Amino acid sequence: RAAGYERTRVVQGQHRSGDGLAPQAAPAPSPRPRLVFHTQLAHGSPTGRIEGFTNVKELYARIAEVFEISPAEILFCTLNSHKVDMQKLLGGQIGLEDFIFAHVRGQTKEVEVTKSEDALGLTITDNGAGYAFIKRIKEGSVIDRLKTVCVGDHIEAINDQSIVGCRHYEVAKMLKELPKGQPFTLRLVEPKKAFGDDKNFHLHCSPNHFDFLLSFLQPNEFEERATKKVDDLLESYMGIRDIELASTIVEAGKDKKNPDDFAVALDSVLGDFAFPDVFLFDVWGAIGDVKTGRI
């Protein structure tokens, strides 16, 4: 229920014999405002209006209906910017006045990469609907030296093996396990190129200005602090930084009562990683420290 709404209180008048007072009719509840959001395709389109979604897949379906495309065409969305800006990436929540830009499939390209170092220098995320894409490229890394690979590129296949439907941490694991010194091929799909001139966009925000946030995965303070600590542990033990993977680990452990339950829960979602016991122990301790305020 959106912030600011209050349940209508129904107060019935009491009937007293002989005084002619009948029970008061319950007042009709006030109609809830329609939550309408505005959207464009990031490479340029008329402005559309969407409503009635509660998760990312439903959001993509609504956008696809407006622009008469397949939901599978949408790679990711940004808020209030048509540019491929990972700082504007749609993530935890949408404010009612946020303008949604949908980045759709553009050119497909294949890139041969030689893994000359242990780490490729990629941070990968996914759109919550089956597409993993590049969120960051570390400066000076193996991938950074390949100027054809860009932030925002969807990783469609590794060595002709489709990874559509894989979560970001599964893709990161596949890339990490590729043998050093051997070339491999990435099939990438870049977002369709956006307008270069912001003046091509005419943004019209919703007239409803009440305080509302549509939450998908809104982190609280505990989750933010625990995720940062687990990300540090991932770097210490595995040599990678992946805030989304850290968030998944925290999600698996935040409501568990003991380390054994945590290990079982983590194995059910990330069993292929085969995390060492000492890593699990330290993660459990870190989550406990954040819960009790020691961190």
# chains A, B, ... in the order shown; residues from 1 in each chain; ligands from 1
call {"tool": "residues_around", "arguments": {"residues": "A:Leu233", "least_positions_apart": "5", "cutoff": "10 Å", "atoms": "only C-alpha atoms", "output": "list in words"}}
result
Thr227, Lys228, Met238, Gly239, Ile240, Arg241, Ala246, Phe279, Leu280, Asp282, Val283 and Ala286 of chain A
call {"tool": "select_by_dssp", "arguments": {"residues": "stretch 27-125 of chain A", "states": "strand (DSSP E)", "output": "mmCIF file with C-alpha atoms, in the first residue's frame"}}
result
data_model
loop_
_atom_site.group_PDB
_atom_site.id
_atom_site.type_symbol
_atom_site.label_atom_id
_atom_site.label_comp_id
_atom_site.auth_asym_id
_atom_site.auth_seq_id
_atom_site.Cartn_x
_atom_site.Cartn_y
_atom_site.Cartn_z
ATOM 1 C CA PHE A 37 4.339 6.036 -15.084
ATOM 2 C CA HIS A 38 5.811 7.533 -18.226
ATOM 3 C CA THR A 39 8.247 5.712 -20.460
ATOM 4 C CA GLN A 40 10.203 5.973 -23.696
ATOM 5 C CA LEU A 41 12.506 3.698 -25.628
ATOM 6 C CA GLY A 48 4.030 5.987 -23.379
ATOM 7 C CA ARG A 49 2.053 5.511 -20.178
ATOM 8 C CA ILE A 50 2.225 2.299 -18.157
ATOM 9 C CA ILE A 74 14.235 -5.126 -23.575
ATOM 10 C CA LEU A 75 17.736 -5.450 -22.112
ATOM 11 C CA PHE A 76 17.369 -3.149 -19.081
ATOM 12 C CA CYS A 77 15.844 0.154 -17.974
ATOM 13 C CA THR A 78 17.307 3.368 -16.640
ATOM 14 C CA LEU A 79 15.555 6.092 -14.682
ATOM 15 C CA GLN A 93 12.610 1.126 -6.437
ATOM 16 C CA ILE A 94 10.785 3.505 -8.727
ATOM 17 C CA GLY A 95 9.529 6.875 -7.589
ATOM 18 C CA PHE A 99 10.715 8.576 -16.064
ATOM 19 C CA ILE A 100 11.529 5.078 -17.327
ATOM 20 C CA PHE A 101 13.770 4.562 -20.356
ATOM 21 C CA ALA A 102 13.851 1.068 -21.863
ATOM 22 C CA HIS A 103 17.051 0.024 -23.620
ATOM 23 C CA VAL A 104 16.341 -2.533 -26.324
ATOM 24 C CA ARG A 105 18.420 -4.974 -28.354
ATOM 25 C CA GLY A 106 20.695 -3.404 -30.912
ATOM 26 C CA GLN A 107 23.628 -4.786 -32.865
ATOM 27 C CA THR A 108 24.998 -8.273 -32.123
ATOM 28 C CA LYS A 109 28.780 -8.695 -32.115
ATOM 29 C CA GLU A 110 31.261 -11.453 -31.408
ATOM 30 C CA VAL A 111 34.523 -10.712 -29.642
ATOM 31 C CA GLU A 112 37.474 -13.045 -29.145
ATOM 32 C CA VAL A 113 39.118 -12.636 -25.753
ATOM 33 C CA THR A 114 42.355 -14.139 -24.495
ATOM 34 C CA LEU A 122 34.150 -7.249 -15.499
ATOM 35 C CA THR A 123 31.325 -6.603 -13.084
ATOM 36 C CA ILE A 124 28.162 -8.315 -14.288
ATOM 37 C CA THR A 125 24.572 -7.776 -13.283
#
call {"tool": "residues_around", "arguments": {"residues": "A:Val56", "least_positions_apart": "2", "cutoff": "9 Å", "atoms": "only C-alpha atoms", "output": "list in words"}}
result
Phe53, Thr54, Glu58, Leu59, Tyr60, Ala61, Asn127, Gly128, Ala129 and Phe216 of chain A
call {"tool": "write_last_selection", "arguments": {"atoms": "N, CA and C atoms", "output": "PDB file, in the first residue's frame"}}
result
ATOM      1  N   PHE A  53       1.943  -2.816 -12.704  1.00  0.00           N
ATOM      2  CA  PHE A  53       3.020  -3.813 -12.626  1.00  0.00           C
ATOM      3  C   PHE A  53       3.572  -3.842 -11.204  1.00  0.00           C
ATOM      4  N   THR A  54       4.054  -5.002 -10.793  1.00  0.00           N
ATOM      5  CA  THR A  54       4.581  -5.159  -9.430  1.00  0.00           C
ATOM      6  C   THR A  54       5.966  -5.776  -9.414  1.00  0.00           C
ATOM      7  N   GLU A  58       6.761  -7.917 -15.186  1.00  0.00           N
ATOM      8  CA  GLU A  58       5.510  -7.241 -15.517  1.00  0.00           C
ATOM      9  C   GLU A  58       5.774  -5.847 -16.092  1.00  0.00           C
ATOM     10  N   LEU A  59       6.782  -5.158 -15.562  1.00  0.00           N
ATOM     11  CA  LEU A  59       7.156  -3.851 -16.095  1.00  0.00           C
ATOM     12  C   LEU A  59       7.546  -3.963 -17.560  1.00  0.00           C
ATOM     13  N   TYR A  60       8.412  -4.941 -17.884  1.00  0.00           N
ATOM     14  CA  TYR A  60       8.829  -5.118 -19.272  1.00  0.00           C
ATOM     15  C   TYR A  60       7.640  -5.452 -20.161  1.00  0.00           C
ATOM     16  N   ALA A  61       6.715  -6.261 -19.645  1.00  0.00           N
ATOM     17  CA  ALA A  61       5.529  -6.623 -20.430  1.00  0.00           C
ATOM     18  C   ALA A  61       4.691  -5.389 -20.739  1.00  0.00           C
ATOM     19  N   ASN A 127      19.090  -8.306 -15.433  1.00  0.00           N
ATOM     20  CA  ASN A 127      17.896  -7.457 -15.430  1.00  0.00           C
ATOM     21  C   ASN A 127      16.724  -8.068 -14.677  1.00  0.00           C
ATOM     22  N   GLY A 128      16.937  -9.231 -14.066  1.00  0.00           N
ATOM     23  CA  GLY A 128      15.853  -9.883 -13.344  1.00  0.00           C
ATOM     24  C   GLY A 128      14.887 -10.620 -14.237  1.00  0.00           C
ATOM     25  N   ALA A 129      15.172 -10.627 -15.546  1.00  0.00           N
ATOM     26  CA  ALA A 129      14.279 -11.287 -16.503  1.00  0.00           C
ATOM     27  C   ALA A 129      15.057 -12.159 -17.481  1.00  0.00           C
ATOM     28  N   PHE A 216      10.812  -2.892  -5.706  1.00  0.00           N
ATOM     29  CA  PHE A 216      11.080  -4.217  -6.226  1.00  0.00           C
ATOM     30  C   PHE A 216      11.985  -4.975  -5.267  1.00  0.00           C
TER      31      PHE A 216
END
call {"tool": "atom_distance", "arguments": {"atom1": "atom CA of A:Arg167", "atom2": "atom CA of A:Asp126"}}
result
6.3 Å
call {"tool": "select_by_dssp", "arguments": {"residues": "stretch 5-184 of chain A", "states": "alpha helix (DSSP H)", "output": "VMD selection string"}}
result
chain A and resid 56 to 67 168 to 177
call {"tool": "atom_distance", "arguments": {"atom1": "atom CA of A:Gly181", "atom2": "atom CA of A:Glu244"}}
result
27.6 Å
call {"tool": "atom_distance", "arguments": {"atom1": "atom CA of A:Val149", "atom2": "atom CA of A:Ile134"}}
result
8.9 Å
call {"tool": "closest_residue", "arguments": {"among": "A:Asp289, A:Val269, A:Ala263, A:Asp98", "to": "A:Tyr169", "atoms": "only C-alpha atoms"}}
result
A:Val269
